[in-house]
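Participant: Hey, dropping my_file.cif in here, mmCIF, C-alpha atoms and all ligand atoms:
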```
data_final
#
loop_
_atom_site.label_atom_id
_atom_site.label_comp_id
_atom_site.auth_asym_id
_atom_site.auth_seq_id
_atom_site.Cartn_x
_atom_site.Cartn_y
_atom_site.Cartn_z
CA MET A 1 123.66 107.09 120.93
CA SER A 2 123.09 110.57 119.63
CA SER A 3 125.99 112.91 118.92
CA LEU A 4 123.96 115.87 120.18
CA PRO A 5 123.44 116.72 123.84
CA PRO A 6 120.27 115.34 125.45
CA HIS A 7 118.07 118.05 127.00
CA ASP A 8 117.77 116.07 130.18
CA GLY A 9 118.83 118.61 132.82
CA ASP A 10 116.05 117.45 135.10
CA PRO A 11 116.90 114.06 136.69
CA ALA A 12 113.29 112.95 136.09
CA VAL A 13 113.86 113.31 132.34
CA ARG A 14 117.14 111.37 132.51
CA ASP A 15 115.37 108.58 134.40
CA PHE A 16 112.54 108.57 131.91
CA ARG A 17 114.95 108.33 128.96
CA ARG A 18 116.65 105.37 130.64
CA GLU A 19 113.27 103.73 131.23
CA ILE A 20 112.31 104.19 127.56
CA ARG A 21 115.59 102.63 126.39
CA ALA A 22 115.17 99.66 128.71
CA TRP A 23 111.58 99.17 127.54
CA LEU A 24 112.62 99.37 123.88
CA ALA A 25 115.39 96.85 124.53
CA ALA A 26 112.81 94.43 125.93
CA HIS A 27 109.89 95.09 123.58
CA TRP A 28 111.35 96.25 120.30
CA GLU A 29 115.02 95.51 119.74
CA GLY A 30 115.73 91.95 118.67
CA GLU A 31 113.23 89.61 117.05
CA ARG A 32 110.34 92.11 116.72
CA LYS A 33 112.53 94.78 115.15
CA THR A 34 114.26 92.30 112.81
CA ARG A 35 110.87 90.99 111.65
CA HIS A 36 109.53 94.52 111.15
CA MET A 37 112.59 95.83 109.31
CA SER A 38 112.43 92.93 106.89
CA LEU A 39 108.96 94.04 105.72
CA PRO A 40 108.70 95.84 102.37
CA PHE A 41 109.60 99.50 102.92
CA LYS A 42 106.02 100.68 102.31
CA MET A 43 104.81 98.66 105.32
CA ARG A 44 107.40 99.82 107.80
CA GLY A 45 106.51 102.17 110.61
CA TRP A 46 102.92 100.86 110.80
CA ASP A 47 102.35 98.19 113.46
CA ALA A 48 99.06 98.02 115.38
CA GLU A 49 100.47 95.45 117.79
CA PHE A 50 103.33 97.73 118.77
CA SER A 51 100.88 100.59 119.31
CA HIS A 52 98.86 98.35 121.66
CA LEU A 53 102.03 97.61 123.62
CA LEU A 54 102.77 101.32 123.97
CA GLY A 55 99.15 101.88 125.00
CA GLN A 56 99.39 99.19 127.68
CA LYS A 57 102.53 100.87 128.98
CA GLY A 58 100.66 104.20 129.20
CA TRP A 59 102.98 105.88 126.71
CA ILE A 60 100.40 107.13 124.24
CA GLY A 61 99.13 110.64 125.02
CA LEU A 62 102.17 111.49 127.10
CA GLY A 63 101.58 115.20 126.58
CA TRP A 64 97.78 115.06 127.00
CA PRO A 65 96.38 116.50 130.22
CA LYS A 66 95.91 113.98 133.02
CA ALA A 67 92.21 114.91 133.21
CA ALA A 68 91.80 113.48 129.70
CA GLY A 69 93.59 110.26 130.66
CA GLY A 70 96.97 111.43 129.32
CA GLY A 71 100.38 111.37 130.93
CA GLY A 72 100.71 115.12 131.64
CA ARG A 73 104.44 114.78 130.90
CA SER A 74 106.73 117.78 130.48
CA PRO A 75 107.93 118.97 127.03
CA TRP A 76 111.40 117.60 127.82
CA GLU A 77 110.00 114.18 128.62
CA GLN A 78 107.99 114.27 125.39
CA LEU A 79 111.13 115.19 123.45
CA ALA A 80 113.10 112.38 125.11
CA PHE A 81 110.33 109.93 124.23
CA ILE A 82 110.02 110.88 120.56
CA GLU A 83 113.81 110.98 120.17
CA GLU A 84 114.22 107.49 121.59
CA MET A 85 111.35 106.08 119.51
CA HIS A 86 112.69 107.54 116.26
CA TYR A 87 116.26 106.66 117.13
CA ALA A 88 115.27 103.04 117.58
CA GLN A 89 113.14 103.20 114.38
CA ALA A 90 110.15 102.10 116.44
CA PRO A 91 106.90 101.87 114.42
CA ILE A 92 104.61 104.54 115.85
CA PHE A 93 102.64 105.60 112.79
CA TYR A 94 99.60 103.40 113.33
CA HIS A 95 98.41 105.57 116.23
CA ASN A 96 100.37 108.76 115.56
CA SER A 97 97.70 110.91 113.87
CA ALA A 98 95.09 109.72 116.37
CA GLU A 99 97.34 110.63 119.28
CA THR A 100 98.74 113.94 118.09
CA ILE A 101 95.97 115.40 115.91
CA VAL A 102 92.57 113.79 116.47
CA GLY A 103 92.77 113.17 120.25
CA PRO A 104 93.72 116.75 121.18
CA ALA A 105 90.93 118.06 118.90
CA ILE A 106 88.38 115.80 120.63
CA ILE A 107 89.67 116.94 124.03
CA LYS A 108 89.07 120.56 123.01
CA TYR A 109 85.96 120.35 120.82
CA GLY A 110 84.43 116.88 121.26
CA THR A 111 81.12 115.96 122.90
CA PRO A 112 81.13 113.97 126.18
CA ASP A 113 80.15 110.85 124.17
CA GLN A 114 83.02 111.35 121.70
CA LYS A 115 85.42 111.81 124.61
CA SER A 116 84.34 108.66 126.39
CA GLU A 117 84.27 106.57 123.21
CA TYR A 118 87.38 107.76 121.37
CA LEU A 119 89.92 109.04 123.90
CA PRO A 120 90.41 105.77 125.84
CA ALA A 121 90.65 103.80 122.56
CA ILE A 122 93.28 106.21 121.22
CA LEU A 123 95.24 105.92 124.47
CA ARG A 124 95.12 102.13 124.20
CA GLY A 125 96.67 102.40 120.72
CA GLU A 126 93.61 100.89 119.08
CA LEU A 127 92.67 103.60 116.58
CA SER A 128 94.30 104.76 113.37
CA PHE A 129 93.26 107.86 111.43
CA ALA A 130 94.03 109.19 107.96
CA LEU A 131 93.70 112.92 107.36
CA HIS A 132 91.08 113.72 104.74
CA TYR A 133 91.53 117.41 103.95
CA SER A 134 93.00 117.76 100.44
CA GLU A 135 90.95 117.48 97.26
CA PRO A 136 91.77 117.82 93.56
CA GLU A 137 90.94 121.56 93.71
CA ALA A 138 91.69 122.24 97.37
CA GLY A 139 95.20 122.04 98.80
CA SER A 140 96.78 125.28 99.98
CA ASP A 141 93.38 126.93 99.67
CA LEU A 142 91.72 124.35 101.89
CA ALA A 143 88.70 126.57 102.56
CA SER A 144 87.57 125.95 98.97
CA LEU A 145 87.00 122.23 99.62
CA ARG A 146 83.86 120.83 97.97
CA THR A 147 83.21 117.37 99.42
CA SER A 148 79.66 117.90 100.62
CA ALA A 149 77.64 116.81 103.62
CA ARG A 150 73.85 117.08 103.27
CA ARG A 151 71.63 116.73 106.32
CA ASP A 152 69.21 113.78 106.35
CA GLY A 153 67.39 113.56 109.70
CA GLU A 154 69.93 112.64 112.37
CA ASP A 155 72.51 111.70 109.73
CA TRP A 156 74.57 113.40 107.06
CA ILE A 157 75.17 112.16 103.52
CA ILE A 158 78.71 112.67 102.21
CA ASN A 159 79.69 112.97 98.53
CA GLY A 160 83.05 113.92 97.05
CA GLN A 161 86.71 113.01 96.75
CA LYS A 162 89.77 113.32 98.97
CA LEU A 163 93.39 113.06 97.80
CA TRP A 164 96.94 112.42 99.03
CA SER A 165 95.90 110.82 102.34
CA THR A 166 99.03 109.45 103.97
CA GLY A 167 98.37 105.91 105.22
CA GLY A 168 94.82 106.24 103.89
CA ASP A 169 94.77 102.67 102.59
CA LYS A 170 95.62 101.24 106.03
CA ALA A 171 93.77 103.48 108.51
CA GLU A 172 90.37 102.51 109.92
CA HIS A 173 89.02 106.07 110.24
CA SER A 174 89.37 109.40 108.54
CA TRP A 175 89.48 112.84 110.07
CA LEU A 176 87.19 114.29 107.45
CA ALA A 177 86.66 117.93 106.48
CA VAL A 178 83.47 118.58 104.49
CA ARG A 179 81.33 121.44 103.24
CA THR A 180 78.07 121.66 105.19
CA ASP A 181 77.08 125.07 103.77
CA PRO A 182 77.68 125.50 100.01
CA ASN A 183 76.71 129.19 100.14
CA ALA A 184 78.82 130.27 103.10
CA THR A 185 80.68 133.58 102.89
CA PRO A 186 83.54 133.49 103.63
CA LYS A 187 84.06 129.96 102.32
CA HIS A 188 85.64 128.67 105.54
CA ALA A 189 82.44 129.45 107.46
CA GLY A 190 80.68 126.49 105.83
CA ILE A 191 82.99 123.63 106.83
CA SER A 192 82.52 120.86 109.42
CA VAL A 193 84.62 117.92 110.63
CA PHE A 194 83.67 114.26 111.11
CA LEU A 195 85.19 111.14 112.64
CA MET A 196 84.47 108.87 109.68
CA PRO A 197 84.71 105.04 109.89
CA LEU A 198 86.40 104.15 106.61
CA ARG A 199 84.70 100.77 106.30
CA SER A 200 81.33 102.52 105.76
CA PRO A 201 79.30 101.59 102.64
CA GLY A 202 79.91 103.94 99.70
CA ILE A 203 83.62 104.55 100.36
CA THR A 204 86.17 103.51 97.71
CA ILE A 205 89.87 103.79 98.52
CA ARG A 206 92.52 103.79 95.76
CA PRO A 207 96.09 103.52 97.05
CA SER A 208 99.13 104.79 95.11
CA MET A 209 102.85 104.76 95.78
CA ALA A 210 104.50 108.04 96.75
CA MET A 211 108.02 108.81 95.51
CA TYR A 212 109.40 108.21 99.00
CA GLY A 213 108.23 104.61 98.95
CA LYS A 214 105.10 104.69 101.12
CA THR A 215 101.46 104.59 100.10
CA PHE A 216 98.88 107.33 100.10
CA SER A 217 95.35 107.20 98.80
CA ALA A 218 92.56 108.83 96.89
CA THR A 219 89.18 108.25 98.56
CA PHE A 220 85.79 108.53 96.94
CA TYR A 221 82.69 109.18 99.05
CA ASP A 222 79.52 108.15 97.26
CA ASN A 223 76.35 108.81 99.32
CA VAL A 224 78.09 107.77 102.54
CA ARG A 225 75.87 108.03 105.59
CA ILE A 226 77.29 109.22 108.91
CA SER A 227 75.59 110.06 112.19
CA SER A 228 75.62 113.67 113.40
CA ARG A 229 77.01 112.25 116.68
CA LEU A 230 80.33 111.90 114.86
CA MET A 231 80.68 115.59 114.00
CA VAL A 232 83.46 117.27 116.02
CA GLY A 233 82.63 120.90 116.89
CA PRO A 234 79.52 122.76 115.74
CA VAL A 235 77.88 122.54 112.31
CA ASN A 236 79.78 124.98 110.05
CA GLY A 237 82.26 125.57 112.88
CA GLY A 238 84.88 123.13 111.59
CA TRP A 239 87.42 125.72 110.47
CA GLN A 240 88.59 126.46 114.00
CA VAL A 241 88.85 122.71 114.69
CA ILE A 242 90.89 122.28 111.50
CA THR A 243 93.14 125.25 112.25
CA ASP A 244 94.08 123.77 115.62
CA ALA A 245 94.48 120.30 114.10
CA LEU A 246 96.75 121.63 111.34
CA ALA A 247 98.92 123.35 113.94
CA ALA A 248 99.14 120.02 115.80
CA GLU A 249 100.10 118.30 112.53
CA ARG A 250 102.87 120.84 111.96
CA VAL A 251 104.14 120.26 115.48
CA MET A 252 104.10 116.51 114.75
CA ILE A 253 105.96 116.95 111.45
CA GLY A 254 108.50 118.98 113.42
CA THR A 255 109.26 115.98 115.61
CA MET A 256 110.70 114.33 112.48
CA VAL A 257 113.89 116.07 113.51
CA ALA A 258 114.53 113.07 115.75
CA GLN A 259 114.61 110.88 112.63
CA LEU A 260 116.96 113.32 110.92
CA GLN A 261 119.22 113.26 113.95
CA ARG A 262 119.63 109.50 113.68
CA VAL A 263 120.53 109.70 110.00
CA PHE A 264 122.82 112.66 110.64
CA ASP A 265 124.64 110.62 113.30
CA ARG A 266 125.12 107.80 110.82
CA LEU A 267 126.48 110.26 108.27
CA THR A 268 128.88 111.70 110.88
CA GLU A 269 130.08 108.21 111.81
CA TYR A 270 130.74 107.48 108.15
CA VAL A 271 132.60 110.76 107.64
CA LYS A 272 134.90 109.87 110.56
CA VAL A 273 136.20 106.78 108.75
CA GLY A 274 135.10 107.04 105.11
CA THR A 275 137.00 107.87 101.95
CA ILE A 276 135.93 108.75 98.45
CA GLY A 277 138.76 107.74 96.12
CA ASP A 278 141.88 109.21 97.75
CA ARG A 279 139.91 111.76 99.72
CA VAL A 280 139.81 111.16 103.47
CA LEU A 281 136.48 112.72 104.39
CA ARG A 282 137.30 113.65 107.98
CA SER A 283 140.31 115.76 106.92
CA ASP A 284 138.42 117.69 104.28
CA ALA A 285 137.67 121.20 105.56
CA LEU A 286 134.57 121.55 103.36
CA VAL A 287 133.15 118.26 104.64
CA ARG A 288 133.79 119.26 108.26
CA ASP A 289 132.17 122.63 107.65
CA ARG A 290 129.07 121.02 106.14
CA ILE A 291 128.72 118.50 108.94
CA ALA A 292 129.14 121.15 111.63
CA GLU A 293 126.54 123.33 109.96
CA LEU A 294 124.02 120.49 109.77
CA GLY A 295 124.70 119.60 113.41
CA ALA A 296 123.99 123.18 114.47
CA GLU A 297 120.79 123.24 112.42
CA ILE A 298 119.54 120.01 113.93
CA GLU A 299 120.06 121.48 117.39
CA VAL A 300 118.10 124.59 116.37
CA ALA A 301 115.34 122.32 115.11
CA ARG A 302 115.18 120.51 118.46
CA GLN A 303 114.74 123.87 120.16
CA PHE A 304 111.77 124.59 117.89
CA VAL A 305 110.23 121.26 118.91
CA LEU A 306 110.73 122.08 122.59
CA ARG A 307 109.18 125.52 122.19
CA ASN A 308 106.08 124.05 120.56
CA ALA A 309 105.73 121.45 123.29
CA ARG A 310 106.06 124.18 125.94
CA LEU A 311 103.30 126.24 124.31
CA VAL A 312 101.03 123.21 124.16
CA GLU A 313 101.75 122.57 127.83
CA GLU A 314 100.63 126.14 128.60
CA GLY A 315 97.34 125.41 126.84
CA LYS A 316 98.22 127.54 123.79
CA THR A 317 98.03 126.54 120.13
CA PRO A 318 101.40 127.18 118.47
CA LEU A 319 100.24 128.68 115.17
CA TYR A 320 103.09 130.64 113.59
CA GLU A 321 105.53 128.84 115.91
CA ALA A 322 104.42 125.49 114.45
CA ALA A 323 104.76 127.00 110.97
CA MET A 324 108.31 128.09 111.84
CA SER A 325 109.36 124.67 113.05
CA LYS A 326 107.73 122.94 110.10
CA VAL A 327 109.32 125.13 107.45
CA PHE A 328 112.73 124.94 109.11
CA ILE A 329 112.67 121.19 109.71
CA GLY A 330 111.13 120.33 106.34
CA GLU A 331 113.82 122.29 104.53
CA LEU A 332 116.51 120.92 106.85
CA GLN A 333 115.45 117.47 105.68
CA GLU A 334 116.10 118.61 102.11
CA ARG A 335 119.48 120.07 103.07
CA LEU A 336 120.49 116.85 104.85
CA GLY A 337 119.48 114.78 101.82
CA GLU A 338 121.35 117.11 99.48
CA ALA A 339 124.43 116.93 101.74
CA ALA A 340 124.49 113.18 101.09
CA LEU A 341 124.81 113.79 97.38
CA ASP A 342 127.45 116.48 97.84
CA LEU A 343 129.56 114.63 100.44
CA LEU A 344 129.20 111.03 99.32
CA GLY A 345 129.10 111.53 95.57
CA SER A 346 127.32 108.84 93.59
CA GLY A 347 127.34 106.61 96.72
CA GLY A 348 124.82 109.04 98.17
CA LEU A 349 122.33 107.88 95.54
CA LEU A 350 122.37 104.28 96.75
CA SER A 351 119.36 103.15 98.74
CA GLU A 352 119.61 101.19 101.98
CA GLU A 353 119.01 97.95 100.08
CA ALA A 354 122.33 98.40 98.23
CA PRO A 355 125.06 96.52 100.16
CA SER A 356 127.69 99.13 99.25
CA ALA A 357 125.60 102.18 100.22
CA PRO A 358 127.71 104.33 102.58
CA VAL A 359 124.64 105.61 104.47
CA GLY A 360 121.63 104.15 102.65
CA GLU A 361 118.97 105.95 104.66
CA LEU A 362 120.20 109.32 103.42
CA GLU A 363 118.98 108.71 99.90
CA GLN A 364 115.48 108.14 101.30
CA VAL A 365 115.71 111.33 103.38
CA LEU A 366 115.81 113.46 100.25
CA ARG A 367 112.86 111.67 98.63
CA HIS A 368 110.89 111.88 101.87
CA SER A 369 111.54 115.62 102.22
CA ILE A 370 108.43 116.36 100.10
CA MET A 371 106.50 115.41 103.23
CA GLY A 372 108.25 118.20 105.12
CA VAL A 373 107.97 120.89 102.46
CA ILE A 374 104.50 120.08 100.99
CA GLY A 375 102.58 117.70 103.31
CA GLY A 376 100.70 119.53 106.07
CA GLY A 377 100.88 122.77 104.04
CA THR A 378 103.66 123.97 101.75
CA SER A 379 106.68 125.97 102.89
CA GLU A 380 105.32 128.99 101.00
CA MET A 381 102.08 128.82 102.98
CA GLN A 382 104.01 128.46 106.25
CA ARG A 383 106.02 131.57 105.35
CA ASN A 384 102.77 133.43 104.71
CA ALA A 385 101.57 132.39 108.19
CA ILE A 386 104.84 133.46 109.82
CA ALA A 387 104.76 136.81 108.04
CA ILE A 388 101.13 137.58 108.87
CA ARG A 389 100.54 135.95 112.25
CA GLY A 390 104.05 136.02 113.64
CA LEU A 391 105.51 139.25 112.29
CA GLY A 392 102.32 141.25 111.80
CA LEU A 393 102.98 141.96 108.12
CA PRO A 394 99.91 142.80 106.01
CA ARG A 395 98.38 140.15 103.76
CA ALA A 396 99.66 140.22 100.19
CA THR A 397 97.13 141.93 97.94
CA ARG A 398 98.12 140.04 94.78
C1 LIG A 401 103.99 113.64 101.16
C2 LIG A 401 102.65 114.26 101.23
C3 LIG A 401 101.73 113.81 102.15
C4 LIG A 401 100.47 114.39 102.23
N1 LIG A 401 99.56 113.88 103.13
C5 LIG A 401 98.30 114.40 103.16
C6 LIG A 401 97.32 113.83 104.03
O1 LIG A 401 97.60 112.88 104.77
N2 LIG A 401 96.07 114.35 104.01
C7 LIG A 401 95.72 115.40 103.20
O2 LIG A 401 94.58 115.83 103.26
N3 LIG A 401 96.64 115.95 102.35
C8 LIG A 401 97.91 115.47 102.31
N4 LIG A 401 98.83 116.00 101.46
C9 LIG A 401 98.43 117.09 100.55
C10 LIG A 401 99.03 118.43 100.94
O3 LIG A 401 98.42 118.95 102.10
C11 LIG A 401 98.85 119.38 99.74
O4 LIG A 401 99.61 118.83 98.67
C12 LIG A 401 99.36 120.77 100.05
O5 LIG A 401 98.52 121.42 100.96
C13 LIG A 401 99.48 121.63 98.77
O6 LIG A 401 98.30 121.58 98.05
P1 LIG A 401 98.32 121.29 96.48
O7 LIG A 401 99.14 120.04 96.24
O8 LIG A 401 96.92 121.29 95.99
O9 LIG A 401 99.14 122.48 95.83
P2 LIG A 401 98.58 123.93 95.49
O10 LIG A 401 97.78 124.43 96.63
O11 LIG A 401 97.93 123.89 94.15
O12 LIG A 401 99.93 124.77 95.42
C14 LIG A 401 100.79 124.74 94.27
C15 LIG A 401 101.96 125.68 94.53
O13 LIG A 401 101.48 127.04 94.70
C16 LIG A 401 101.93 127.58 95.95
N5 LIG A 401 100.88 128.43 96.52
C17 LIG A 401 99.55 128.16 96.56
N6 LIG A 401 98.90 129.18 97.18
C18 LIG A 401 99.84 130.08 97.55
C19 LIG A 401 99.81 131.33 98.26
N7 LIG A 401 98.66 131.86 98.71
N8 LIG A 401 100.98 131.98 98.50
C20 LIG A 401 102.17 131.45 98.07
N9 LIG A 401 102.25 130.27 97.37
C21 LIG A 401 101.11 129.61 97.14
C22 LIG A 401 102.17 126.38 96.82
O14 LIG A 401 103.10 126.67 97.87
C23 LIG A 401 102.71 125.36 95.83
O15 LIG A 401 104.09 125.59 95.63
C24 LIG A 401 100.11 115.45 101.36
C25 LIG A 401 101.04 115.91 100.42
C26 LIG A 401 102.29 115.32 100.35
C27 LIG A 401 103.27 115.82 99.31
#
```
Just give me the structure as structure tokens.
Ligand SMILES: Cc1cc2nc3c(=O)[nH]c(=O)nc-3n(C[C@H](O)[C@H](O)[C@H](O)COP(=O)(O)OP(=O)(O)OC[C@H]3O[C@@H](n4cnc5c(N)ncnc54)[C@H](O)[C@@H]3O)c2cc1C
Facilitator:
Amino acid sequence: MSSLPPHDGDPAVRDFRREIRAWLAAHWEGERKTRHMSLPFKMRGWDAEFSHLLGQKGWIGLGWPKAAGGGGRSPWEQLAFIEEMHYAQAPIFYHNSAETIVGPAIIKYGTPDQKSEYLPAILRGELSFALHYSEPEAGSDLASLRTSARRDGEDWIINGQKLWSTGGDKAEHSWLAVRTDPNATPKHAGISVFLMPLRSPGITIRPSMAMYGKTFSATFYDNVRISSRLMVGPVNGGWQVITDALAAERVMIGTMVAQLQRVFDRLTEYVKVGTIGDRVLRSDALVRDRIAELGAEIEVARQFVLRNARLVEEGKTPLYEAAMSKVFIGELQERLGEAALDLLGSGGLLSEEAPSAPVGELEQVLRHSIMGVIGGGTSEMQRNAIAIRGLGLPRATR
């Protein structure tokens, strides 16, 4: 297991971690995992059946309040859970956005009907969502988005294009940000959010392959009709909903540290026994220094994750705190990937499919790091948020 200390001071957390491992041994390790890991890389991590199993066990929405049907678990229990899932490479991405982004937004802003329809289904692991924010001309400056929603009786008619949606070719719904007031000043005052069924007439989805080996999609909305019952939050009041949801996304991206920890442990194991030519890696002072530094950084990253979970538990939205964890963990992913190239030489370039790859997953870590430093908002934008919201610095004037 992990080379880093578990944060399981409380016996209840230790028991929970043991329970998760036993459950994974029975429901994931073995035939199911072997079958899943033999899928093409782009399909891995996405498994509706596994999400249903987790839902049946009551392990989706662990951090949600009990009043909303969630587990009301402590931040330490949540950390133990996500660490064990990522360590075991369990496929949790089918329900992940629904659980960590959409569900909490519905709890806070949804109507009673939305709560009774969507929350139980999310907790059962039966819903998958793609995030439809970005557009060709709206990324960092999300408030300038142009996909429009025009009122038509009790419905809205959507027209426009969304880009870069992770998992957008597989999900059944989108969490859709649209412009409901084209003349709003400021721009963000004219945005609303919908729970959009992606099988609706008028939607065209074009998948592409990202450089890290998974798919994302461009989606075209052509006179797509949606009921006003599926708007989350007030008309033109979507910006606050999105701000909270983006913070939740950044918290979620921060939990990727558990994946990094697994790869880091594999790298450490290799360094203990590996050689490059005549060089014994474990005796090389520079290698030891690099490994120790990465180990310390991963521990710092885990503390960020814990702090975010604690704030959520207190009912707060971690805004600049989520930005801090995202920027640190995204860039740590880059540093870990770069360490592979520096420590393992050309072997660090080999993918996991190559039989002679020293630690194949590391090569993928570097390619995947664009998710950490661009997806969910770029590192530059996170630094802006930390400077302004966290440190009270004035906004840049140019
Ligand atoms: C792996 C991955 C997954 C993604 N998944 C999704 C998804 O599921 N759903 C979705 O909607 N989108 C997704 N995105 C899109 C992502 O949110 C945007 O790419 C991101 O917000 C940046 O927008 P942009 O690409 O338009 O770049 P731009 O906004 O054009 O930025 C270009 C450069 O300028 C910098 N910059 C811009 N404004 C400022 C500023 N004010 N101060 C300092 N620097 C600035 C940026 O940091 C960046 O370096 C994903 C992107 C990636 C790479």
Participant: Give me, as a ChimeraX atom specification, the set of residues whose atoms come within 8 Å of any atom of ligand LIG 401 (chain A), counting only C-alpha atoms and all ligand atoms.
Facilitator: /A:130-142,162-168,210,212,216,368-381,384
Participant: Write to file, as an mmCIF file, in the frame of the given file, the residues of the selection just made, with C-alpha atoms.
Facilitator:
```cif
data_model
loop_
_atom_site.group_PDB
_atom_site.id
_atom_site.type_symbol
_atom_site.label_atom_id
_atom_site.label_comp_id
_atom_site.auth_asym_id
_atom_site.auth_seq_id
_atom_site.Cartn_x
_atom_site.Cartn_y
_atom_site.Cartn_z
ATOM 1 C CA ALA A 130 94.030 109.190 107.960
ATOM 2 C CA LEU A 131 93.700 112.920 107.360
ATOM 3 C CA HIS A 132 91.080 113.720 104.740
ATOM 4 C CA TYR A 133 91.530 117.410 103.950
ATOM 5 C CA SER A 134 93.000 117.760 100.440
ATOM 6 C CA GLU A 135 90.950 117.480 97.260
ATOM 7 C CA PRO A 136 91.770 117.820 93.560
ATOM 8 C CA GLU A 137 90.940 121.560 93.710
ATOM 9 C CA ALA A 138 91.690 122.240 97.370
ATOM 10 C CA GLY A 139 95.200 122.040 98.800
ATOM 11 C CA SER A 140 96.780 125.280 99.980
ATOM 12 C CA ASP A 141 93.380 126.930 99.670
ATOM 13 C CA LEU A 142 91.720 124.350 101.890
ATOM 14 C CA LYS A 162 89.770 113.320 98.970
ATOM 15 C CA LEU A 163 93.390 113.060 97.800
ATOM 16 C CA TRP A 164 96.940 112.420 99.030
ATOM 17 C CA SER A 165 95.900 110.820 102.340
ATOM 18 C CA THR A 166 99.030 109.450 103.970
ATOM 19 C CA GLY A 167 98.370 105.910 105.220
ATOM 20 C CA GLY A 168 94.820 106.240 103.890
ATOM 21 C CA ALA A 210 104.500 108.040 96.750
ATOM 22 C CA TYR A 212 109.400 108.210 99.000
ATOM 23 C CA PHE A 216 98.880 107.330 100.100
ATOM 24 C CA HIS A 368 110.890 111.880 101.870
ATOM 25 C CA SER A 369 111.540 115.620 102.220
ATOM 26 C CA ILE A 370 108.430 116.360 100.100
ATOM 27 C CA MET A 371 106.500 115.410 103.230
ATOM 28 C CA GLY A 372 108.250 118.200 105.120
ATOM 29 C CA VAL A 373 107.970 120.890 102.460
ATOM 30 C CA ILE A 374 104.500 120.080 100.990
ATOM 31 C CA GLY A 375 102.580 117.700 103.310
ATOM 32 C CA GLY A 376 100.700 119.530 106.070
ATOM 33 C CA GLY A 377 100.880 122.770 104.040
ATOM 34 C CA THR A 378 103.660 123.970 101.750
ATOM 35 C CA SER A 379 106.680 125.970 102.890
ATOM 36 C CA GLU A 380 105.320 128.990 101.000
ATOM 37 C CA MET A 381 102.080 128.820 102.980
ATOM 38 C CA ASN A 384 102.770 133.430 104.710
#
```
Participant: What separation in Å, quoted to one decimal, exists between CA of Phe50 (chain A) and CA of Val359 (chain A)?
Facilitator: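 These atoms are spaced 26.8 Å apart.
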Participant: Let me make sure I understand: among A:Trp59, A:Trp76, A:Phe41, A:Trp46, which one has the smallest atom-to-atom distance to Ala309 (chain A) if we use all atoms listed in the file?
Facilitator: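 Looking at the shortest contact to Ala309 (chain A), the residue is A:Trp76.
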Participant: Tell me which protein, DNA and RNA residues are within 8 Å of region 226-242 of chain A, counting only C-alpha atoms, leaving out same-chain ones fewer than 2 positions away, and put them as number ranges by chain.
Facilitator: A: 105-106, 109-111, 114, 154-158, 177, 179-181, 188-196, 224, 244-246
Participant: If we count all atoms listed in the file, what is near Thr317 (chain A) at a cut-off of 8 Å, once residues fewer than 2 positions away on the same chain are taken out, given as a PyMOL selection string?
Facilitator: chain A and resi 244+247-248+311-312+315+319
Participant: Mind giving me the axis-aligned box for region 323-335 of chain A with 3 Å on every side, centre plus edges in Å to one decimal, as AutoDock Vina command-line options?
Facilitator:
```
--center_x 112.1 --center_y 122.8 --center_z 107.6 --size_x 20.7 --size_y 16.6 --size_z 16.9
```
Participant: If you count all atoms listed in the file, which residues fall within 12 Å of Arg310 (chain A), apart from same-chain ones fewer than 4 positions away, as a list in words?
Facilitator: Gly63, Gly72, Arg73, Ser74, Pro75, Trp76, Glu77, Gln78, Leu79, Val251, Gln303, Phe304, Val305, Leu306, Glu314, Gly315, Lys316, Thr317, Pro318, Glu321 and Ala322 of chain A
Participant: Hey, could you make a per-residue contact list for region 179-265 of chain A against region 332-354 of chain A with 12 Å as the cut-off, showing the nearest pair of atoms and its distance in Å to one decimal, counting all atoms listed in the file, sorted by chain and number, as a tab-separated table?
Facilitator:
```
residue	atom	partner	partner_atom	distance
A:Tyr212	CA	A:Ser351	CA	11.2
A:Gly213	CA	A:Ser351	CA	11.2
A:Ile253	CA	A:Gln333	CA	11.1
A:Gly254	CA	A:Gln333	CA	10.5
A:Thr255	CA	A:Gln333	CA	11.8
A:Met256	CA	A:Gln333	CA	8.9
A:Val257	CA	A:Gln333	CA	8.1
A:Ala258	CA	A:Gln333	CA	11.0
A:Gln259	CA	A:Gln333	CA	9.6
A:Leu260	CA	A:Gln333	CA	6.9
A:Gln261	CA	A:Leu336	CA	9.9
A:Arg262	CA	A:Leu336	CA	11.5
A:Val263	CA	A:Leu336	CA	8.8
A:Phe264	CA	A:Leu336	CA	7.5
A:Asp265	CA	A:Leu336	CA	11.3
```
Participant: Give me, please, the distance in Å between CA of Ala90 (chain A) and CA of Glu29 (chain A), quoted to one decimal.
Facilitator: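 Between these atoms lies a distance of 8.8 Å.
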Participant: Just how far from CA of Glu249 (chain A) is CA of Ile101 (chain A), in Å to one decimal?
Facilitator: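 It comes out at 6.1 Å.
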Participant: If you count all atoms listed in the file, which residues fall within 7 Å of Ile205 (chain A), apart from same-chain ones fewer than 2 positions away, as a ChimeraX atom specification?
Facilitator: /A:169,203,207,217-220
Participant: Convert the current residue selection to file output with C-alpha atoms, as a short mmCIF file (atom, residue, chain, number, x, y, z; two decimals), in the coordinates of the input.
Facilitator:
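The resulting result-v9.cif:
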```
data_model
loop_
_atom_site.label_atom_id
_atom_site.label_comp_id
_atom_site.auth_asym_id
_atom_site.auth_seq_id
_atom_site.Cartn_x
_atom_site.Cartn_y
_atom_site.Cartn_z
CA ASP A 169 94.77 102.67 102.59
CA ILE A 203 83.62 104.55 100.36
CA PRO A 207 96.09 103.52 97.05
CA SER A 217 95.35 107.20 98.80
CA ALA A 218 92.56 108.83 96.89
CA THR A 219 89.18 108.25 98.56
CA PHE A 220 85.79 108.53 96.94
#
```
